[in-house]
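**Q** Data file query_19.tsv (TSV, C-alpha atoms) is appended below.
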```tsv
chain	number	residue	atom	x	y	z
A	28	MET	CA	216.42	225.63	105.01
A	29	SER	CA	213.94	227.46	102.76
A	30	THR	CA	212.81	225.95	99.46
A	31	ARG	CA	214.60	227.35	96.44
A	32	ARG	CA	212.58	229.78	94.35
A	33	ILE	CA	212.44	229.41	90.57
A	34	LEU	CA	210.91	232.38	88.77
A	35	ILE	CA	209.95	232.10	85.10
A	36	HIS	CA	209.50	235.42	83.32
A	37	ALA	CA	207.65	234.04	80.29
A	38	GLY	CA	206.47	237.18	78.45
A	39	PHE	CA	205.00	239.23	77.09
A	40	TYR	CA	206.71	240.67	74.03
A	41	LYS	CA	207.31	244.43	73.91
A	42	THR	CA	206.87	244.97	77.64
A	43	GLY	CA	210.39	246.07	78.49
A	44	THR	CA	211.83	242.57	78.26
A	45	THR	CA	215.02	243.57	76.43
A	46	SER	CA	215.81	246.27	79.00
A	47	LEU	CA	215.00	243.88	81.85
A	48	GLN	CA	217.23	241.14	80.48
A	49	ALA	CA	220.10	243.49	79.67
A	50	GLN	CA	220.13	244.90	83.18
A	51	LEU	CA	220.02	241.48	84.85
A	52	ALA	CA	222.87	240.28	82.64
A	53	ARG	CA	224.84	243.43	83.45
A	54	VAL	CA	224.59	243.04	87.24
A	55	GLN	CA	224.34	239.25	87.53
A	56	GLN	CA	227.59	238.99	89.48
A	57	ASP	CA	226.25	241.41	92.10
A	58	LEU	CA	223.04	239.38	92.27
A	59	SER	CA	224.69	235.96	92.49
A	60	PRO	CA	224.02	235.69	96.26
A	61	TYR	CA	220.30	235.95	95.50
A	62	PHE	CA	219.77	233.94	92.32
A	63	HIS	CA	221.27	232.40	89.19
A	64	TYR	CA	220.15	234.30	86.10
A	65	PHE	CA	219.40	232.66	82.76
A	66	GLY	CA	218.54	235.07	79.96
A	67	PRO	CA	218.18	234.67	76.18
A	68	ASN	CA	221.86	233.82	75.57
A	69	LYS	CA	221.84	230.99	78.12
A	70	LEU	CA	218.66	229.14	77.19
A	71	ARG	CA	220.05	227.15	74.24
A	72	ASP	CA	217.40	226.72	71.54
A	73	THR	CA	214.37	226.78	73.83
A	74	GLY	CA	213.30	230.29	72.84
A	75	ALA	CA	213.29	229.48	69.13
A	76	LEU	CA	211.46	226.20	69.77
A	77	ALA	CA	208.80	227.98	71.83
A	78	ARG	CA	208.30	230.57	69.09
A	79	GLU	CA	207.98	227.84	66.45
A	80	PHE	CA	205.38	226.04	68.52
A	81	GLY	CA	203.47	229.31	68.82
A	82	ARG	CA	203.49	229.62	65.04
A	83	HIS	CA	202.60	226.03	64.16
A	84	LEU	CA	200.63	224.75	67.20
A	85	THR	CA	201.32	221.13	66.27
A	86	GLU	CA	202.09	218.18	68.51
A	87	ASP	CA	205.46	217.73	66.78
A	88	SER	CA	206.50	221.32	67.48
A	89	ARG	CA	205.29	221.02	71.06
A	90	ARG	CA	207.27	217.83	71.60
A	91	ALA	CA	210.33	219.55	70.16
A	92	PHE	CA	210.00	222.31	72.75
A	93	ARG	CA	209.54	219.82	75.57
A	94	ARG	CA	212.67	217.93	74.55
A	95	GLY	CA	214.70	221.12	74.17
A	96	PHE	CA	213.53	222.49	77.49
A	97	GLY	CA	214.28	219.17	79.16
A	98	ARG	CA	217.88	219.30	77.89
A	99	PHE	CA	218.24	222.84	79.21
A	100	VAL	CA	216.73	222.02	82.60
A	101	ALA	CA	219.00	219.00	83.06
A	102	ASP	CA	222.00	221.33	83.38
A	103	LEU	CA	220.49	223.82	85.82
A	104	PRO	CA	222.36	224.27	89.12
A	105	GLU	CA	221.63	221.84	91.93
A	106	ASP	CA	221.08	224.61	94.47
A	107	GLY	CA	220.27	228.29	94.75
A	108	ASN	CA	217.37	230.33	93.43
A	109	ILE	CA	216.91	230.63	89.66
A	110	VAL	CA	215.48	233.31	87.36
A	111	ILE	CA	214.70	232.47	83.73
A	112	SER	CA	213.56	235.25	81.39
A	113	ARG	CA	212.47	234.75	77.78
A	114	GLU	CA	209.50	236.44	76.08
A	115	ASN	CA	209.43	233.67	73.46
A	116	TYR	CA	207.95	231.44	76.16
A	117	ALA	CA	204.65	233.19	75.36
A	118	GLY	CA	204.74	231.77	71.81
A	119	ILE	CA	204.84	234.06	68.78
A	120	MET	CA	204.49	237.83	68.99
A	121	PRO	CA	201.04	239.16	68.06
A	122	GLY	CA	201.34	241.27	64.93
A	123	HIS	CA	203.29	238.58	63.10
A	124	ARG	CA	201.54	236.62	60.39
A	125	GLY	CA	200.38	233.10	61.10
A	126	LEU	CA	200.68	230.16	58.72
A	127	ASP	CA	197.47	231.27	57.01
A	128	GLY	CA	199.00	234.64	56.20
A	129	GLU	CA	196.69	236.55	58.54
A	130	ILE	CA	198.12	238.86	61.20
A	131	LEU	CA	197.83	237.33	64.67
A	132	THR	CA	195.83	239.63	66.91
A	133	ASP	CA	195.78	237.86	70.26
A	134	ILE	CA	197.90	235.83	72.64
A	135	ASN	CA	197.25	232.39	71.21
A	136	PRO	CA	196.83	229.23	73.34
A	137	ALA	CA	200.55	228.50	73.01
A	138	ALA	CA	201.34	230.75	75.98
A	139	ARG	CA	199.25	228.63	78.34
A	140	MET	CA	200.47	225.36	76.88
A	141	LEU	CA	204.11	226.40	77.05
A	142	ALA	CA	203.72	227.50	80.66
A	143	ARG	CA	202.34	224.08	81.56
A	144	ASP	CA	205.19	222.36	79.72
A	145	ILE	CA	207.77	224.56	81.48
A	146	ARG	CA	206.24	223.67	84.83
A	147	ALA	CA	206.19	219.95	83.98
A	148	GLY	CA	209.83	220.03	82.87
A	149	LEU	CA	210.94	221.71	86.09
A	150	GLU	CA	208.87	219.32	88.22
A	151	ARG	CA	210.56	216.36	86.56
A	152	ARG	CA	213.95	217.87	87.36
A	153	PHE	CA	213.37	219.20	90.88
A	154	GLY	CA	210.19	217.53	92.14
A	155	ASN	CA	208.77	219.35	95.14
A	156	ASP	CA	212.13	220.90	96.02
A	157	MET	CA	211.23	224.27	94.57
A	158	ASP	CA	208.93	227.25	94.94
A	159	LEU	CA	207.96	227.73	91.29
A	160	GLN	CA	206.44	231.07	90.25
A	161	PHE	CA	205.70	232.77	86.93
A	162	LEU	CA	205.89	236.43	85.96
A	163	TYR	CA	204.13	238.11	83.01
A	164	SER	CA	204.93	241.73	82.27
A	165	VAL	CA	202.17	243.72	80.58
A	166	ARG	CA	201.78	247.18	79.07
A	167	ASP	CA	199.20	249.82	78.25
A	168	ARG	CA	197.36	248.87	75.06
A	169	ASP	CA	198.17	252.00	73.02
A	170	SER	CA	201.89	252.11	73.79
A	171	TRP	CA	202.12	248.34	73.30
A	172	LEU	CA	200.47	248.54	69.86
A	173	ARG	CA	202.79	251.37	68.85
A	174	SER	CA	205.82	249.34	69.93
A	175	VAL	CA	204.66	246.20	68.10
A	176	HIS	CA	203.87	248.24	64.99
A	177	GLY	CA	207.36	249.75	65.02
A	178	HIS	CA	208.89	246.30	65.42
A	179	GLN	CA	206.93	244.95	62.47
A	180	LEU	CA	207.79	247.94	60.28
A	181	ARG	CA	211.47	247.29	60.97
A	182	SER	CA	211.52	243.49	60.71
A	183	THR	CA	208.75	242.56	58.23
A	184	HIS	CA	207.03	243.80	55.06
A	185	LEU	CA	204.14	245.38	57.02
A	186	ARG	CA	202.37	247.98	54.87
A	187	ASP	CA	199.76	249.22	57.35
A	188	ASP	CA	200.12	252.52	59.17
A	189	LEU	CA	199.63	252.56	62.94
A	190	MET	CA	195.92	253.37	62.78
A	191	ARG	CA	195.11	250.59	60.36
A	192	PHE	CA	197.36	248.14	62.20
A	193	SER	CA	195.69	248.96	65.53
A	194	ASP	CA	192.24	248.47	63.99
A	195	LEU	CA	193.14	244.86	63.26
A	196	PHE	CA	193.17	244.12	66.98
A	197	PRO	CA	189.93	243.56	68.92
A	198	THR	CA	188.81	246.55	70.98
A	199	ASN	CA	188.97	244.35	74.08
A	200	PHE	CA	192.56	243.21	73.47
A	201	ASP	CA	194.29	243.43	76.85
A	202	LEU	CA	197.58	241.80	77.83
A	203	ARG	CA	196.53	241.75	81.48
A	204	LYS	CA	193.44	239.71	80.66
A	205	ASP	CA	195.59	237.25	78.74
A	206	ALA	CA	197.96	236.98	81.70
A	207	GLU	CA	194.99	236.36	83.98
A	208	LYS	CA	193.87	233.51	81.73
A	209	ILE	CA	197.32	231.96	82.01
A	210	ALA	CA	197.23	232.40	85.79
A	211	LYS	CA	193.91	230.55	85.92
A	212	ALA	CA	195.30	227.74	83.75
A	213	LEU	CA	198.39	227.38	86.01
A	214	ALA	CA	196.60	227.50	89.36
A	215	PRO	CA	197.66	226.82	92.07
A	216	THR	CA	201.15	227.82	90.80
A	217	PRO	CA	201.58	231.53	91.64
A	218	VAL	CA	201.52	233.90	88.66
A	219	HIS	CA	202.54	237.55	89.05
A	220	ILE	CA	201.42	240.26	86.64
A	221	ARG	CA	203.38	243.51	86.54
A	222	ALA	CA	202.76	246.61	84.38
A	223	LEU	CA	205.72	248.21	82.63
A	224	GLU	CA	204.32	251.67	83.37
A	225	ASP	CA	204.70	251.10	87.12
A	226	TYR	CA	208.49	250.85	86.72
A	227	ALA	CA	209.04	253.81	84.42
A	228	ASP	CA	210.78	255.82	87.14
A	229	HIS	CA	212.53	252.98	88.94
A	230	ARG	CA	216.33	253.13	88.99
A	231	GLN	CA	216.47	249.49	87.90
A	232	GLY	CA	213.76	249.89	85.27
A	233	PRO	CA	211.65	246.80	84.52
A	234	ALA	CA	214.36	244.58	86.05
A	235	ALA	CA	212.96	245.73	89.39
A	236	MET	CA	209.96	243.47	88.75
A	237	ILE	CA	212.24	240.49	89.22
A	238	LEU	CA	214.43	241.98	91.93
A	239	ASP	CA	211.33	242.61	94.05
A	240	LEU	CA	209.95	239.11	93.55
A	241	MET	CA	213.31	237.53	94.35
A	242	GLY	CA	213.65	239.43	97.60
A	243	VAL	CA	216.72	241.48	96.72
A	244	PRO	CA	217.11	244.02	99.57
A	245	ALA	CA	216.43	247.68	98.83
A	246	ASP	CA	219.96	248.73	99.80
A	247	VAL	CA	221.44	246.20	97.37
A	248	MET	CA	219.17	247.47	94.60
A	249	ALA	CA	220.25	251.03	95.36
A	250	SER	CA	223.92	250.03	95.06
A	251	LEU	CA	223.50	248.63	91.54
A	252	PRO	CA	224.22	250.81	88.49
A	253	PRO	CA	221.06	252.27	86.97
A	254	ALA	CA	219.38	250.46	84.10
A	255	GLU	CA	220.07	251.65	80.57
A	256	PRO	CA	217.03	251.66	78.26
A	257	GLN	CA	217.27	249.15	75.43
A	258	ASN	CA	215.42	248.68	72.16
A	259	THR	CA	213.68	252.04	72.47
A	260	GLY	CA	212.37	252.00	68.91
A	261	GLN	CA	212.80	254.29	65.95
A	262	SER	CA	211.97	257.94	65.43
A	263	GLU	CA	208.74	258.91	63.71
A	264	ASP	CA	210.73	259.89	60.62
A	265	LEU	CA	212.40	256.50	60.43
A	266	ARG	CA	209.07	254.71	60.92
A	267	ARG	CA	207.68	256.66	57.97
A	268	VAL	CA	210.64	255.68	55.81
A	269	PHE	CA	210.28	252.01	56.78
A	270	LEU	CA	206.59	252.12	55.87
A	271	GLN	CA	207.39	253.69	52.49
A	272	LEU	CA	210.04	251.05	51.81
A	273	ASN	CA	207.65	248.23	52.74
A	274	ARG	CA	205.14	249.55	50.25
A	275	LYS	CA	207.63	249.59	47.35
A	276	GLY	CA	207.54	245.84	46.75
A	277	LEU	CA	211.30	245.39	47.08
A	278	SER	CA	212.82	241.94	47.35
A	279	ARG	CA	213.40	240.62	50.87
A	280	ASP	CA	217.18	241.04	50.60
A	281	ALA	CA	216.99	244.56	49.15
A	282	LEU	CA	214.51	245.66	51.80
A	283	LYS	CA	216.61	244.20	54.59
A	284	ALA	CA	219.77	245.89	53.31
A	285	GLN	CA	218.14	249.32	53.05
A	286	LYS	CA	216.68	249.08	56.55
A	287	ALA	CA	220.01	247.95	57.99
A	288	ALA	CA	221.74	250.95	56.44
A	289	LEU	CA	219.14	253.33	57.85
A	290	LEU	CA	219.44	251.80	61.34
A	291	GLU	CA	223.21	252.12	61.20
A	292	GLN	CA	222.86	255.78	60.24
A	293	GLN	CA	220.55	256.34	63.20
A	294	GLN	CA	223.02	254.70	65.59
A	295	ASP	CA	225.87	256.80	64.27
A	296	SER	CA	223.87	259.98	64.84
A	297	ASP	CA	222.85	259.08	68.42
```
Mind converting the file's structure to structure tokens?

**A**
Amino acid sequence: MSTRRILIHAGFYKTGTTSLQAQLARVQQDLSPYFHYFGPNKLRDTGALAREFGRHLTEDSRRAFRRGFGRFVADLPEDGNIVISRENYAGIMPGHRGLDGEILTDINPAARMLARDIRAGLERRFGNDMDLQFLYSVRDRDSWLRSVHGHQLRSTHLRDDLMRFSDLFPTNFDLRKDAEKIAKALAPTPVHIRALEDYADHRQGPAAMILDLMGVPADVMASLPPAEPQNTGQSEDLRRVFLQLNRKGLSRDALKAQKAALLEQQQDSD
């Protein structure tokens, strides 16, 4: 009998993760012979705890994640392959502000530390009775920065345009290099790095990254409904409006309400 495979898709943010997770949730019954799928809605509070550790980087916040992940792992199935996908397991999204108020412009050490804690938690639960592997999805720098900038315009008070926002990041910022650092820290545990661009034309979209790694046969993949793009971002016009609103100095509640109304209008017009 082959050893069960456990695949942890632990990031990165804005690399097609929402589309990937939505498609796996949509077809999970069809994929049940190949693996159990645990996405954001099935991971209890572990995603939020990982994000908080990424923000604070304290021993207390790290212990809180370990405890939360341990509670989640305790209820995992006794047999069968497992896929877990949560971008929060890379810590906090670059582009957010840290505790010092400065915008974070790299993948901080939390991603490596969280990966080690995830591995340790799974080893305590399953010992050697598993083939543990990690997956990090990456993306072209320019399109990634544009996506992160759009996210921040929508969800925070960011007042920088795309050019100024991009200039905050080091010229050598590269998600692949960060993933390679994590791979080195986790050795000899296998770490796979997959580029979002390589799956742009795939019928299953970025979910194919996981289907390939979990050995789902090509004919089964072909029988699944095609992926539906998720979280595709706002139009240029809406981005401009968000930027103007952020620069007005509105209260948090007023700004949130105006953005929500604009997003609802966009959905109604789609």

**Q** Mind giving me the straight-line distance from CA of Arg71 (chain A) to CA of Leu84 (chain A) in Å, one decimal?

**A**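 Interatomic distance, CA of Arg71 (chain A) to CA of Leu84 (chain A): 20.8 Å.
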
**Q** Neighbouring residues of Leu34 (chain A) were defined as those with any atom within 12 Å, considering only C-alpha atoms; residues of the same chain fewer than 5 positions away were excluded. Please report them as a compact mmCIF listing (two decimals) with C-alpha atoms, in the coordinates of the input.

**A**
```txt
# COMPACT_ATOMS: atom_id res chain seq x y z
CA PHE A 62 219.77 233.94 92.32
CA HIS A 63 221.27 232.40 89.19
CA TYR A 64 220.15 234.30 86.10
CA PHE A 65 219.40 232.66 82.76
CA GLY A 66 218.54 235.07 79.96
CA GLY A 107 220.27 228.29 94.75
CA ASN A 108 217.37 230.33 93.43
CA ILE A 109 216.91 230.63 89.66
CA VAL A 110 215.48 233.31 87.36
CA ILE A 111 214.70 232.47 83.73
CA SER A 112 213.56 235.25 81.39
CA ARG A 113 212.47 234.75 77.78
CA ALA A 142 203.72 227.50 80.66
CA ILE A 145 207.77 224.56 81.48
CA ARG A 146 206.24 223.67 84.83
CA LEU A 149 210.94 221.71 86.09
CA MET A 157 211.23 224.27 94.57
CA ASP A 158 208.93 227.25 94.94
CA LEU A 159 207.96 227.73 91.29
CA GLN A 160 206.44 231.07 90.25
CA PHE A 161 205.70 232.77 86.93
CA LEU A 162 205.89 236.43 85.96
CA TYR A 163 204.13 238.11 83.01
CA THR A 216 201.15 227.82 90.80
CA PRO A 217 201.58 231.53 91.64
CA VAL A 218 201.52 233.90 88.66
CA HIS A 219 202.54 237.55 89.05
CA MET A 236 209.96 243.47 88.75
CA ILE A 237 212.24 240.49 89.22
CA LEU A 238 214.43 241.98 91.93
CA ASP A 239 211.33 242.61 94.05
CA LEU A 240 209.95 239.11 93.55
CA MET A 241 213.31 237.53 94.35
CA GLY A 242 213.65 239.43 97.60
```

**Q** Nearest residue to Gln261 (chain A) out of A:Arg166, A:Arg124, A:His83, A:Arg173, using only C-alpha atoms?

**A**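 Among the listed residues, A:Arg173 lies closest to Gln261 (chain A).
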
**Q** Restricting the calculation to all atoms listed in the file: of A:Arg31, A:Phe200, A:Glu86, A:Gln50, which residue gets closest to Pro104 (chain A)?

**A**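 Among A:Arg31, A:Phe200, A:Glu86, A:Gln50, it is A:Arg31 that comes nearest to Pro104 (chain A).
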
**Q** For CA of Gly43 (chain A) and CA of Gln257 (chain A), determine how far apart the two atoms are, in Å to one decimal place.

**A** 8.1 Å

**Q** Distance CA of Glu291 (chain A)-CA of Glu255 (chain A), one decimal place?

**A**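 Separating CA of Glu291 (chain A) from CA of Glu255 (chain A) is a distance of 19.6 Å.
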
**Q** Using only C-alpha atoms, can you list as a PDB file with C-alpha atoms, in the coordinates of the input the residues within 12 Å of (200.9, 247.8, 65.6)?

**A**
```pdb
ATOM      1  CA  LYS A  41     207.310 244.430  73.910  1.00  0.00           C
ATOM      2  CA  MET A 120     204.490 237.830  68.990  1.00  0.00           C
ATOM      3  CA  PRO A 121     201.040 239.160  68.060  1.00  0.00           C
ATOM      4  CA  GLY A 122     201.340 241.270  64.930  1.00  0.00           C
ATOM      5  CA  HIS A 123     203.290 238.580  63.100  1.00  0.00           C
ATOM      6  CA  ILE A 130     198.120 238.860  61.200  1.00  0.00           C
ATOM      7  CA  LEU A 131     197.830 237.330  64.670  1.00  0.00           C
ATOM      8  CA  THR A 132     195.830 239.630  66.910  1.00  0.00           C
ATOM      9  CA  ARG A 168     197.360 248.870  75.060  1.00  0.00           C
ATOM     10  CA  ASP A 169     198.170 252.000  73.020  1.00  0.00           C
ATOM     11  CA  SER A 170     201.890 252.110  73.790  1.00  0.00           C
ATOM     12  CA  TRP A 171     202.120 248.340  73.300  1.00  0.00           C
ATOM     13  CA  LEU A 172     200.470 248.540  69.860  1.00  0.00           C
ATOM     14  CA  ARG A 173     202.790 251.370  68.850  1.00  0.00           C
ATOM     15  CA  SER A 174     205.820 249.340  69.930  1.00  0.00           C
ATOM     16  CA  VAL A 175     204.660 246.200  68.100  1.00  0.00           C
ATOM     17  CA  HIS A 176     203.870 248.240  64.990  1.00  0.00           C
ATOM     18  CA  GLY A 177     207.360 249.750  65.020  1.00  0.00           C
ATOM     19  CA  HIS A 178     208.890 246.300  65.420  1.00  0.00           C
ATOM     20  CA  GLN A 179     206.930 244.950  62.470  1.00  0.00           C
ATOM     21  CA  LEU A 180     207.790 247.940  60.280  1.00  0.00           C
ATOM     22  CA  ARG A 181     211.470 247.290  60.970  1.00  0.00           C
ATOM     23  CA  THR A 183     208.750 242.560  58.230  1.00  0.00           C
ATOM     24  CA  LEU A 185     204.140 245.380  57.020  1.00  0.00           C
ATOM     25  CA  ARG A 186     202.370 247.980  54.870  1.00  0.00           C
ATOM     26  CA  ASP A 187     199.760 249.220  57.350  1.00  0.00           C
ATOM     27  CA  ASP A 188     200.120 252.520  59.170  1.00  0.00           C
ATOM     28  CA  LEU A 189     199.630 252.560  62.940  1.00  0.00           C
ATOM     29  CA  MET A 190     195.920 253.370  62.780  1.00  0.00           C
ATOM     30  CA  ARG A 191     195.110 250.590  60.360  1.00  0.00           C
ATOM     31  CA  PHE A 192     197.360 248.140  62.200  1.00  0.00           C
ATOM     32  CA  SER A 193     195.690 248.960  65.530  1.00  0.00           C
ATOM     33  CA  ASP A 194     192.240 248.470  63.990  1.00  0.00           C
ATOM     34  CA  LEU A 195     193.140 244.860  63.260  1.00  0.00           C
ATOM     35  CA  PHE A 196     193.170 244.120  66.980  1.00  0.00           C
ATOM     36  CA  ARG A 266     209.070 254.710  60.920  1.00  0.00           C
TER      37      ARG A 266
END
```

**Q** Using only C-alpha atoms, determine which residues lie at most 8 Å from region 87-94 of chain A, disregarding the query and same-chain residues fewer than 3 positions distant; provide the list as a PDB file with C-alpha atoms, in the coordinates of the input.

**A**
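Okay, around_11.pdb is ready:
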```pdb
ATOM      1  CA  THR A  73     214.370 226.780  73.830  1.00  0.00           C
ATOM      2  CA  LEU A  76     211.460 226.200  69.770  1.00  0.00           C
ATOM      3  CA  ALA A  77     208.800 227.980  71.830  1.00  0.00           C
ATOM      4  CA  GLU A  79     207.980 227.840  66.450  1.00  0.00           C
ATOM      5  CA  PHE A  80     205.380 226.040  68.520  1.00  0.00           C
ATOM      6  CA  HIS A  83     202.600 226.030  64.160  1.00  0.00           C
ATOM      7  CA  LEU A  84     200.630 224.750  67.200  1.00  0.00           C
ATOM      8  CA  GLY A  97     214.280 219.170  79.160  1.00  0.00           C
ATOM      9  CA  ARG A  98     217.880 219.300  77.890  1.00  0.00           C
ATOM     10  CA  ASP A 144     205.190 222.360  79.720  1.00  0.00           C
ATOM     11  CA  ILE A 145     207.770 224.560  81.480  1.00  0.00           C
ATOM     12  CA  GLY A 148     209.830 220.030  82.870  1.00  0.00           C
TER      13      GLY A 148
END
```

**Q** Please determine, counting all atoms listed in the file, which residue among A:Ala254, A:Leu270, A:Met140, A:Ala117 has the shortest atom-to-atom distance to Arg53 (chain A).

**A** A:Ala254

**Q** Here is a test: counting all atoms listed in the file, which residue of A:Ile134, A:Ala227, A:Leu47, A:Ala75 is nearest to Arg203 (chain A)?

**A**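 Closest candidate: A:Ile134.
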
**Q** Which one is closest to Ile220 (chain A): A:Ala234, A:Asp205, A:Ala137, A:Phe99? Count only C-alpha atoms.

**A**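 Among the listed residues, the smallest separation from Ile220 (chain A) belongs to A:Asp205.
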
**Q** Which residues are close to Pro256 (chain A), i.e. within 12 Å by all atoms listed in the file, leaving aside same-chain residues fewer than 2 positions away? Reply as a PDB file with C-alpha atoms, in the coordinates of the input.

**A**
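To be explicit, this is the file written out as result10.pdb:
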```pdb
ATOM      1  CA  GLY A  43     210.390 246.070  78.490  1.00  0.00           C
ATOM      2  CA  THR A  44     211.830 242.570  78.260  1.00  0.00           C
ATOM      3  CA  THR A  45     215.020 243.570  76.430  1.00  0.00           C
ATOM      4  CA  SER A  46     215.810 246.270  79.000  1.00  0.00           C
ATOM      5  CA  LEU A  47     215.000 243.880  81.850  1.00  0.00           C
ATOM      6  CA  GLN A  48     217.230 241.140  80.480  1.00  0.00           C
ATOM      7  CA  ALA A  49     220.100 243.490  79.670  1.00  0.00           C
ATOM      8  CA  GLN A  50     220.130 244.900  83.180  1.00  0.00           C
ATOM      9  CA  ALA A 227     209.040 253.810  84.420  1.00  0.00           C
ATOM     10  CA  ASP A 228     210.780 255.820  87.140  1.00  0.00           C
ATOM     11  CA  HIS A 229     212.530 252.980  88.940  1.00  0.00           C
ATOM     12  CA  ARG A 230     216.330 253.130  88.990  1.00  0.00           C
ATOM     13  CA  GLN A 231     216.470 249.490  87.900  1.00  0.00           C
ATOM     14  CA  GLY A 232     213.760 249.890  85.270  1.00  0.00           C
ATOM     15  CA  PRO A 233     211.650 246.800  84.520  1.00  0.00           C
ATOM     16  CA  ALA A 234     214.360 244.580  86.050  1.00  0.00           C
ATOM     17  CA  PRO A 253     221.060 252.270  86.970  1.00  0.00           C
ATOM     18  CA  ALA A 254     219.380 250.460  84.100  1.00  0.00           C
ATOM     19  CA  ASN A 258     215.420 248.680  72.160  1.00  0.00           C
ATOM     20  CA  THR A 259     213.680 252.040  72.470  1.00  0.00           C
ATOM     21  CA  GLY A 260     212.370 252.000  68.910  1.00  0.00           C
TER      22      GLY A 260
END
```

**Q** Choose the residue, out of A:Leu282, A:Val54, A:Ile119, A:Leu141, that has the smallest atom-to-atom separation from Phe96 (chain A); count all atoms listed in the file.

**A**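 With all atoms listed in the file as the atom set, the closest residue is A:Leu141.
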